[in-house]
$ cat model.txt   # compact mmCIF, C-alpha atoms and all ligand atoms
# COMPACT_ATOMS: atom_id res chain seq x y z
CA MET S 5 -7.80 -40.69 -1.34
CA ASP S 6 -4.81 -39.60 0.75
CA THR S 7 -4.82 -35.98 1.75
CA ALA S 8 -2.41 -33.65 3.51
CA ARG S 9 -3.20 -30.59 5.65
CA LEU S 10 -1.38 -27.74 3.95
CA PHE S 11 -0.75 -24.04 4.41
CA PHE S 12 1.59 -21.36 3.09
CA ALA S 13 3.60 -19.45 5.66
CA ILE S 14 6.75 -17.56 6.43
CA GLN S 15 8.92 -18.83 9.28
CA PRO S 16 11.63 -16.84 11.05
CA ASP S 17 15.09 -18.28 11.71
CA ASN S 18 15.91 -20.24 14.88
CA ALA S 19 17.13 -17.18 16.78
CA ILE S 20 13.90 -15.26 16.24
CA GLN S 21 11.84 -18.38 16.95
CA ALA S 22 13.74 -18.71 20.26
CA THR S 23 13.12 -15.05 21.17
CA LEU S 24 9.42 -15.24 20.35
CA GLY S 25 9.24 -18.70 21.98
CA ASP S 26 10.49 -17.18 25.25
CA ILE S 27 7.85 -14.47 25.05
CA ALA S 28 5.25 -17.18 24.36
CA LYS S 29 6.33 -19.10 27.48
CA HIS S 30 6.29 -15.98 29.60
CA GLN S 31 2.87 -14.96 28.29
CA SER S 32 1.49 -18.48 28.76
CA ARG S 33 2.34 -18.40 32.46
CA GLN S 34 0.53 -15.11 32.90
CA SER S 35 -2.44 -16.04 30.76
CA GLY S 36 -3.03 -19.67 31.69
CA GLY S 37 -2.75 -20.64 28.03
CA ARG S 38 -0.65 -23.03 25.98
CA PRO S 39 2.51 -21.64 24.34
CA VAL S 40 3.40 -22.39 20.75
CA LYS S 41 6.67 -24.34 20.56
CA PRO S 42 9.55 -22.23 19.20
CA GLU S 43 10.01 -24.48 16.15
CA ASN S 44 6.34 -23.98 15.23
CA ILE S 45 6.38 -20.19 15.31
CA HIS S 46 5.29 -18.85 11.93
CA LEU S 47 3.03 -16.40 10.13
CA THR S 48 0.37 -18.03 7.94
CA LEU S 49 -0.27 -16.43 4.56
CA LEU S 50 -2.83 -18.84 3.21
CA PHE S 51 -4.48 -21.89 4.74
CA LEU S 52 -5.53 -24.58 2.28
CA GLY S 53 -6.64 -27.40 4.55
CA GLN S 54 -6.87 -30.98 3.26
CA ILE S 55 -5.46 -31.35 -0.25
CA PRO S 56 -5.27 -34.65 -2.15
CA VAL S 57 -1.66 -35.79 -2.07
CA ASP S 58 -1.63 -36.33 -5.83
CA ARG S 59 -2.33 -32.61 -6.37
CA ILE S 60 0.63 -31.35 -4.34
CA GLU S 61 2.94 -31.27 -7.38
CA ILE S 62 0.38 -29.19 -9.28
CA LEU S 63 0.12 -26.87 -6.29
CA LYS S 64 3.90 -26.47 -6.10
CA ALA S 65 4.16 -25.76 -9.82
CA ALA S 66 1.45 -23.11 -9.61
CA SER S 67 2.71 -21.37 -6.47
CA GLY S 68 5.57 -18.97 -6.15
CA ASN S 69 5.72 -18.32 -9.89
CA PHE S 70 5.50 -14.60 -9.35
CA ALA S 71 7.96 -11.86 -8.61
CA ALA S 72 7.63 -11.15 -4.89
CA GLN S 73 10.03 -8.93 -3.02
CA ALA S 74 11.89 -9.82 0.15
CA PHE S 75 10.95 -7.52 3.03
CA GLU S 76 11.51 -6.85 6.71
CA LEU S 77 9.04 -7.25 9.54
CA THR S 78 9.46 -5.39 12.80
CA ILE S 79 7.83 -7.07 15.76
CA GLN S 80 7.55 -5.08 18.93
CA ARG S 81 4.26 -5.89 20.60
CA THR S 82 1.91 -8.65 21.57
CA LEU S 83 -1.87 -8.42 21.46
CA TYR S 84 -4.75 -10.42 22.87
CA TRP S 85 -7.38 -11.60 20.42
CA LYS S 86 -10.14 -12.23 22.91
CA ARG S 87 -12.59 -13.87 20.53
CA ASN S 88 -10.01 -16.49 19.50
CA GLN S 89 -8.44 -16.61 22.98
CA ILE S 90 -4.98 -16.26 21.50
CA ILE S 91 -2.04 -14.03 22.20
CA VAL S 92 -0.31 -12.95 19.02
CA ALA S 93 2.79 -11.03 18.05
CA SER S 94 2.08 -8.43 15.43
CA ALA S 95 4.29 -6.76 12.89
CA ASP S 96 4.03 -3.02 12.95
CA PRO S 97 4.14 -1.24 10.71
CA CYS S 98 3.04 -4.05 8.41
CA PRO S 99 4.78 -3.53 5.04
CA SER S 100 2.71 -3.57 1.86
CA ALA S 101 5.09 -6.25 0.50
CA LEU S 102 3.53 -8.73 2.92
CA PHE S 103 0.05 -8.02 1.55
CA SER S 104 1.38 -8.16 -2.02
CA LEU S 105 2.86 -11.58 -1.34
CA GLU S 106 -0.38 -12.87 0.14
CA ASN S 107 -2.33 -11.45 -2.78
CA ALA S 108 -0.05 -12.91 -5.45
CA LEU S 109 -0.16 -16.28 -3.73
CA LYS S 110 -3.95 -16.26 -3.51
CA THR S 111 -4.24 -15.43 -7.20
CA ALA S 112 -1.80 -18.16 -8.23
CA VAL S 113 -3.52 -20.78 -6.10
CA HIS S 114 -6.95 -19.70 -7.32
CA VAL S 115 -5.90 -19.86 -10.98
CA ALA S 116 -4.72 -23.43 -10.33
CA LYS S 117 -8.26 -24.19 -9.07
CA PHE S 118 -7.49 -24.74 -5.40
CA SER S 119 -10.02 -23.37 -2.96
CA PHE S 120 -9.35 -21.62 0.33
CA ASP S 121 -10.87 -19.50 3.02
CA GLU S 122 -11.86 -16.09 1.58
CA ARG S 123 -11.66 -14.24 4.89
CA THR S 124 -9.58 -11.08 5.03
CA PHE S 125 -5.90 -11.63 5.72
CA LYS S 126 -5.02 -10.50 9.24
CA PRO S 127 -1.28 -11.09 9.60
CA HIS S 128 -0.34 -12.43 13.02
CA ILE S 129 2.05 -14.79 14.75
CA THR S 130 0.22 -16.94 17.28
CA LEU S 131 2.20 -17.27 20.51
CA VAL S 132 -0.32 -18.62 23.05
CA ARG S 133 -3.56 -20.54 22.61
CA LYS S 134 -6.49 -20.72 25.05
CA ALA S 135 -5.24 -17.57 26.76
CA LYS S 136 -7.51 -16.04 29.42
CA ARG S 137 -5.75 -12.69 29.59
CA HIS S 138 -2.78 -10.72 28.39
CA THR S 139 -0.30 -8.21 29.73
CA ALA S 140 1.80 -6.04 27.45
CA THR S 141 5.20 -7.49 26.57
CA ASP S 142 8.25 -5.40 27.23
CA PHE S 143 10.34 -5.92 24.08
CA GLN S 144 13.86 -4.94 25.04
CA ASN S 145 14.58 -4.49 21.36
CA PRO S 146 12.23 -4.76 18.42
CA VAL S 147 12.62 -8.09 16.63
CA ARG S 148 13.72 -7.48 13.05
CA TRP S 149 12.89 -10.33 10.74
CA GLN S 150 14.27 -10.41 7.18
CA VAL S 151 11.69 -12.37 5.22
CA THR S 152 13.45 -14.01 2.29
CA GLU S 153 11.40 -17.12 1.59
CA LEU S 154 7.91 -18.44 1.30
CA GLN S 155 7.17 -21.98 2.45
CA LEU S 156 4.55 -24.60 1.71
CA ILE S 157 4.06 -26.49 4.97
CA GLN S 158 2.30 -29.71 5.89
CA SER S 159 0.75 -29.85 9.32
CA ILE S 160 0.98 -33.31 10.86
CA GLN S 161 -0.94 -34.34 13.96
CA THR S 162 1.26 -36.24 16.44
CA GLU S 163 0.87 -37.38 20.05
CA ARG S 164 2.92 -34.34 21.05
CA GLY S 165 0.81 -31.87 19.11
CA MET S 166 1.19 -30.49 15.63
CA ARG S 167 4.44 -30.94 13.76
CA TYR S 168 5.16 -28.76 10.72
CA HIS S 169 6.99 -30.21 7.76
CA THR S 170 8.20 -27.87 5.00
CA LEU S 171 7.42 -29.32 1.58
CA HIS S 172 8.78 -26.51 -0.56
CA ARG S 173 10.55 -23.14 -0.32
CA TRP S 174 10.52 -20.21 -2.72
CA GLN S 175 13.13 -17.47 -2.46
CA LEU S 176 11.83 -13.91 -2.49
CA GLY S 177 13.73 -11.45 -4.68
P1 LIG E 201 -3.57 -26.84 16.52
O1 LIG E 201 -4.74 -26.77 15.56
O2 LIG E 201 -3.30 -28.21 17.04
O3 LIG E 201 -3.64 -25.83 17.60
P2 LIG E 201 -2.09 -25.41 14.50
O4 LIG E 201 -3.25 -24.47 14.50
O5 LIG E 201 -0.73 -24.87 14.64
O6 LIG E 201 -2.25 -26.48 15.65
P3 LIG E 201 -3.15 -26.21 12.00
O7 LIG E 201 -4.53 -26.23 12.56
O8 LIG E 201 -2.77 -27.27 11.03
O9 LIG E 201 -2.08 -26.26 13.17
O10 LIG E 201 -2.97 -24.78 11.33
C1 LIG E 201 -1.83 -24.42 10.59
C2 LIG E 201 -1.88 -22.91 10.39
O11 LIG E 201 -3.03 -22.56 9.62
C3 LIG E 201 -2.00 -22.10 11.68
O12 LIG E 201 -1.34 -20.87 11.50
C4 LIG E 201 -3.47 -21.86 11.82
O13 LIG E 201 -3.75 -20.67 12.54
C5 LIG E 201 -3.89 -21.71 10.37
N1 LIG E 201 -5.27 -22.17 10.18
C6 LIG E 201 -5.80 -23.33 10.62
N2 LIG E 201 -7.09 -23.45 10.24
C7 LIG E 201 -7.39 -22.33 9.53
C8 LIG E 201 -8.58 -21.85 8.86
N3 LIG E 201 -9.69 -22.55 8.84
N4 LIG E 201 -8.50 -20.66 8.25
C9 LIG E 201 -7.36 -19.94 8.26
N5 LIG E 201 -6.22 -20.34 8.86
C10 LIG E 201 -6.23 -21.51 9.50
MG MG E 202 -5.33 -25.15 14.28
$ encode --input "model.txt" --output "structure tokens"
Amino acid sequence: MDTARLFFAIQPDNAIQATLGDIAKHQSRQSGGRPVKPENIHLTLLFLGQIPVDRIEILKAASGNFAAQAFELTIQRTLYWKRNQIIVASADPCPSALFSLENALKTAVHVAKFSFDERTFKPHITLVRKAKRHTATDFQNPVRWQVTELQLIQSIQTERGMRYHTLHRWQLG
């Protein structure tokens, strides 16, 4: 049975990916870690893992069929998650609309009988992996991200690392 590695996420536009990508590069030099490529910068809402390819249409039909509001994220600091050895960008304050979206998505996916990791949602944007240390980032201006769509993304392993392929987009109201 063919499967695909899938997750739901929000992805900022190219300009914000470039800004956060620069911070990732800068932080990777200081931390000895590996920066996330700008085009891969995202915030995961729900990780599904391997899903049989012939169930993707069912998944798409079940997901995003709820009224979720568009919202804004303000990103103005990076943090070090020592246990995971990652440097992340965090949205603060984190609007309740983000948690509502994650919750609605979880319910929809659960009703459609897909299983997923039940761990508590800790919103973060990974910037550097295998980081040994972190120094605070001086954000010249807070990054303001208008979140207007939800994406279903397939993660594809390539010789040059992971490549993300968007399978479907849902507009947020
Ligand atoms: P790599 O694993 O090569 O470093 P990646 O983590 O970007 O690349 P995936 O492992 O496919 O690619 O993960 C896609 C997204 O899902 C990432 O945001 C990742 O943090 C998240 N993720 C991966 N595995 C899990 C998991 N078991 N539980 C929750 N989220 C996960
Ligand atoms: Mg991974």
$ residues_near_ligand --input "model.txt" --ligand "ligand LIG 201 (chain E)" --cutoff "8 Å" --atoms "only C-alpha atoms and all ligand atoms" --output "list in words"
Arg9, Leu10, Phe11, Ala13, Val40, Asn44, His46, Leu47, Thr48, Leu50, Phe51, Leu52, Gly53, Asp121, Arg123, Ile129, Thr130, Arg133, Gln158, Ser159, Ile160, Gln161, Gly165 and Met166 of chain S
$ closest_residue --input "model.txt" --among "S:Asp96, S:Ser104, S:Glu163, S:Ile90" --to "ligand MG 202 (chain E)" --atoms "all atoms listed in the file"
S:Ile90
$ closest_residue --input "model.txt" --among "S:Asn88, S:Glu122, S:Phe103, S:Asp26" --to "ligand MG 202 (chain E)" --atoms "all atoms listed in the file"
S:Asn88
$ atom_distance --input "model.txt" --atom1 "atom CA of S:Tyr84" --atom2 "atom CA of S:Lys136"
9.1 Å
$ closest_residue --input "model.txt" --among "S:Val115, S:Ala135, S:Ala8, S:Ala93" --to "S:Asp58" --atoms "only C-alpha atoms"
S:Ala8
$ atom_distance --input "model.txt" --atom1 "atom CA of S:Lys110" --atom2 "atom CA of S:Ile55"
15.5 Å
$ closest_residue --input "model.txt" --among "S:Phe70, S:Phe120, S:Tyr168, S:Trp85" --to "ligand MG 202 (chain E)" --atoms "all atoms listed in the file"
S:Tyr168
$ atom_distance --input "model.txt" --atom1 "atom CA of S:Thr152" --atom2 "atom CA of S:Ala74"
5.0 Å
$ closest_residue --input "model.txt" --among "S:Leu131, S:Leu24, S:Val147, S:Ala116" --to "S:Leu63" --atoms "all atoms listed in the file"
S:Ala116
$ closest_residue --input "model.txt" --among "S:His114, S:His138, S:Lys86, S:His169" --to "S:Arg33" --atoms "only C-alpha atoms"
S:His138
$ residues_around --input "model.txt" --residues "S:Ile14" --least-positions-apart "5" --cutoff "12 Å" --atoms "all atoms listed in the file" --output "VMD selection string"
chain S and resid 21 44 to 50 74 to 77 102 105 to 106 127 to 129 149 to 157 170 172 to 176
$ residues_around --input "model.txt" --residues "S:Arg148" --least-positions-apart "4" --cutoff "10 Å" --atoms "only C-alpha atoms" --output "list in words"
Pro16, Ile20, Glu76, Leu77, Thr78, Ile79, Gln80 and Ala95 of chain S
$ residues_near_point --input "model.txt" --point "(2.8, -18.8, -9.6)" --cutoff "9 Å" --atoms "only C-alpha atoms" --output "VMD selection string"
chain S and resid 64 to 71 108 to 109 111 to 113 115 to 116
$ build_atoms --input "model.txt" --residues "stretch 107-118 of chain S" --atoms "all heavy atoms" --output "PDB file, in the coordinates of the input"
ATOM      1  N   ASN S 107      -1.438 -11.644  -1.643  1.00  0.00           N
ATOM      2  CA  ASN S 107      -2.330 -11.450  -2.780  1.00  0.00           C
ATOM      3  C   ASN S 107      -1.882 -12.241  -4.006  1.00  0.00           C
ATOM      4  O   ASN S 107      -2.688 -12.901  -4.659  1.00  0.00           O
ATOM      5  CB  ASN S 107      -2.345  -9.952  -3.097  1.00  0.00           C
ATOM      6  CG  ASN S 107      -3.714  -9.496  -3.462  1.00  0.00           C
ATOM      7  OD1 ASN S 107      -4.710 -10.123  -3.110  1.00  0.00           O
ATOM      8  ND2 ASN S 107      -3.777  -8.416  -4.214  1.00  0.00           N
ATOM      9  N   ALA S 108      -0.599 -12.189  -4.295  1.00  0.00           N
ATOM     10  CA  ALA S 108      -0.050 -12.910  -5.450  1.00  0.00           C
ATOM     11  C   ALA S 108      -0.230 -14.416  -5.265  1.00  0.00           C
ATOM     12  O   ALA S 108      -0.580 -15.140  -6.202  1.00  0.00           O
ATOM     13  CB  ALA S 108       1.428 -12.565  -5.610  1.00  0.00           C
ATOM     14  N   LEU S 109      -0.027 -14.852  -4.041  1.00  0.00           N
ATOM     15  CA  LEU S 109      -0.160 -16.280  -3.730  1.00  0.00           C
ATOM     16  C   LEU S 109      -1.605 -16.735  -3.913  1.00  0.00           C
ATOM     17  O   LEU S 109      -1.882 -17.760  -4.546  1.00  0.00           O
ATOM     18  CB  LEU S 109       0.290 -16.481  -2.277  1.00  0.00           C
ATOM     19  CG  LEU S 109       0.333 -17.895  -1.749  1.00  0.00           C
ATOM     20  CD1 LEU S 109       1.269 -18.751  -2.585  1.00  0.00           C
ATOM     21  CD2 LEU S 109       0.802 -17.870  -0.297  1.00  0.00           C
ATOM     22  N   LYS S 110      -2.528 -15.958  -3.392  1.00  0.00           N
ATOM     23  CA  LYS S 110      -3.950 -16.260  -3.510  1.00  0.00           C
ATOM     24  C   LYS S 110      -4.361 -16.383  -4.982  1.00  0.00           C
ATOM     25  O   LYS S 110      -5.065 -17.311  -5.367  1.00  0.00           O
ATOM     26  CB  LYS S 110      -4.761 -15.112  -2.893  1.00  0.00           C
ATOM     27  CG  LYS S 110      -5.586 -15.529  -1.710  1.00  0.00           C
ATOM     28  CD  LYS S 110      -6.417 -14.360  -1.255  1.00  0.00           C
ATOM     29  CE  LYS S 110      -6.955 -14.650   0.128  1.00  0.00           C
ATOM     30  NZ  LYS S 110      -7.504 -13.461   0.759  1.00  0.00           N
ATOM     31  N   THR S 111      -3.904 -15.427  -5.779  1.00  0.00           N
ATOM     32  CA  THR S 111      -4.240 -15.430  -7.200  1.00  0.00           C
ATOM     33  C   THR S 111      -3.695 -16.686  -7.877  1.00  0.00           C
ATOM     34  O   THR S 111      -4.425 -17.382  -8.592  1.00  0.00           O
ATOM     35  CB  THR S 111      -3.686 -14.157  -7.884  1.00  0.00           C
ATOM     36  OG1 THR S 111      -4.212 -13.020  -7.197  1.00  0.00           O
ATOM     37  CG2 THR S 111      -4.056 -14.086  -9.347  1.00  0.00           C
ATOM     38  N   ALA S 112      -2.427 -16.998  -7.602  1.00  0.00           N
ATOM     39  CA  ALA S 112      -1.800 -18.160  -8.230  1.00  0.00           C
ATOM     40  C   ALA S 112      -2.521 -19.452  -7.856  1.00  0.00           C
ATOM     41  O   ALA S 112      -2.772 -20.314  -8.706  1.00  0.00           O
ATOM     42  CB  ALA S 112      -0.329 -18.229  -7.814  1.00  0.00           C
ATOM     43  N   VAL S 113      -2.878 -19.564  -6.600  1.00  0.00           N
ATOM     44  CA  VAL S 113      -3.520 -20.780  -6.100  1.00  0.00           C
ATOM     45  C   VAL S 113      -4.951 -20.882  -6.647  1.00  0.00           C
ATOM     46  O   VAL S 113      -5.427 -21.961  -7.008  1.00  0.00           O
ATOM     47  CB  VAL S 113      -3.476 -20.768  -4.551  1.00  0.00           C
ATOM     48  CG1 VAL S 113      -4.392 -21.804  -3.952  1.00  0.00           C
ATOM     49  CG2 VAL S 113      -2.044 -20.968  -4.066  1.00  0.00           C
ATOM     50  N   HIS S 114      -5.601 -19.742  -6.774  1.00  0.00           N
ATOM     51  CA  HIS S 114      -6.950 -19.700  -7.320  1.00  0.00           C
ATOM     52  C   HIS S 114      -6.964 -20.093  -8.802  1.00  0.00           C
ATOM     53  O   HIS S 114      -7.807 -20.892  -9.236  1.00  0.00           O
ATOM     54  CB  HIS S 114      -7.541 -18.294  -7.133  1.00  0.00           C
ATOM     55  CG  HIS S 114      -8.884 -18.113  -7.736  1.00  0.00           C
ATOM     56  ND1 HIS S 114     -10.031 -18.660  -7.181  1.00  0.00           N
ATOM     57  CD2 HIS S 114      -9.271 -17.479  -8.869  1.00  0.00           C
ATOM     58  CE1 HIS S 114     -11.060 -18.353  -7.948  1.00  0.00           C
ATOM     59  NE2 HIS S 114     -10.634 -17.639  -8.984  1.00  0.00           N
ATOM     60  N   VAL S 115      -6.010 -19.550  -9.544  1.00  0.00           N
ATOM     61  CA  VAL S 115      -5.900 -19.860 -10.980  1.00  0.00           C
ATOM     62  C   VAL S 115      -5.700 -21.371 -11.171  1.00  0.00           C
ATOM     63  O   VAL S 115      -6.224 -21.973 -12.106  1.00  0.00           O
ATOM     64  CB  VAL S 115      -4.760 -19.033 -11.632  1.00  0.00           C
ATOM     65  CG1 VAL S 115      -4.401 -19.563 -13.016  1.00  0.00           C
ATOM     66  CG2 VAL S 115      -5.150 -17.560 -11.706  1.00  0.00           C
ATOM     67  N   ALA S 116      -4.967 -21.984 -10.252  1.00  0.00           N
ATOM     68  CA  ALA S 116      -4.720 -23.430 -10.330  1.00  0.00           C
ATOM     69  C   ALA S 116      -5.898 -24.244  -9.780  1.00  0.00           C
ATOM     70  O   ALA S 116      -5.786 -25.460  -9.621  1.00  0.00           O
ATOM     71  CB  ALA S 116      -3.431 -23.759  -9.603  1.00  0.00           C
ATOM     72  N   LYS S 117      -6.994 -23.549  -9.468  1.00  0.00           N
ATOM     73  CA  LYS S 117      -8.260 -24.190  -9.070  1.00  0.00           C
ATOM     74  C   LYS S 117      -8.212 -24.881  -7.692  1.00  0.00           C
ATOM     75  O   LYS S 117      -8.875 -25.886  -7.464  1.00  0.00           O
ATOM     76  CB  LYS S 117      -8.730 -25.176 -10.143  1.00  0.00           C
ATOM     77  CG  LYS S 117      -9.013 -24.496 -11.475  1.00  0.00           C
ATOM     78  CD  LYS S 117      -9.780 -25.408 -12.414  1.00  0.00           C
ATOM     79  CE  LYS S 117     -10.430 -24.666 -13.559  1.00  0.00           C
ATOM     80  NZ  LYS S 117      -9.570 -23.687 -14.225  1.00  0.00           N
ATOM     81  N   PHE S 118      -7.435 -24.289  -6.792  1.00  0.00           N
ATOM     82  CA  PHE S 118      -7.490 -24.740  -5.400  1.00  0.00           C
ATOM     83  C   PHE S 118      -8.399 -23.765  -4.656  1.00  0.00           C
ATOM     84  O   PHE S 118      -8.421 -22.570  -4.971  1.00  0.00           O
ATOM     85  CB  PHE S 118      -6.094 -24.725  -4.765  1.00  0.00           C
ATOM     86  CG  PHE S 118      -5.218 -25.820  -5.287  1.00  0.00           C
ATOM     87  CD1 PHE S 118      -4.459 -25.629  -6.437  1.00  0.00           C
ATOM     88  CD2 PHE S 118      -5.160 -27.056  -4.649  1.00  0.00           C
ATOM     89  CE1 PHE S 118      -3.649 -26.636  -6.945  1.00  0.00           C
ATOM     90  CE2 PHE S 118      -4.354 -28.072  -5.145  1.00  0.00           C
ATOM     91  CZ  PHE S 118      -3.601 -27.868  -6.301  1.00  0.00           C
TER      92      PHE S 118
END
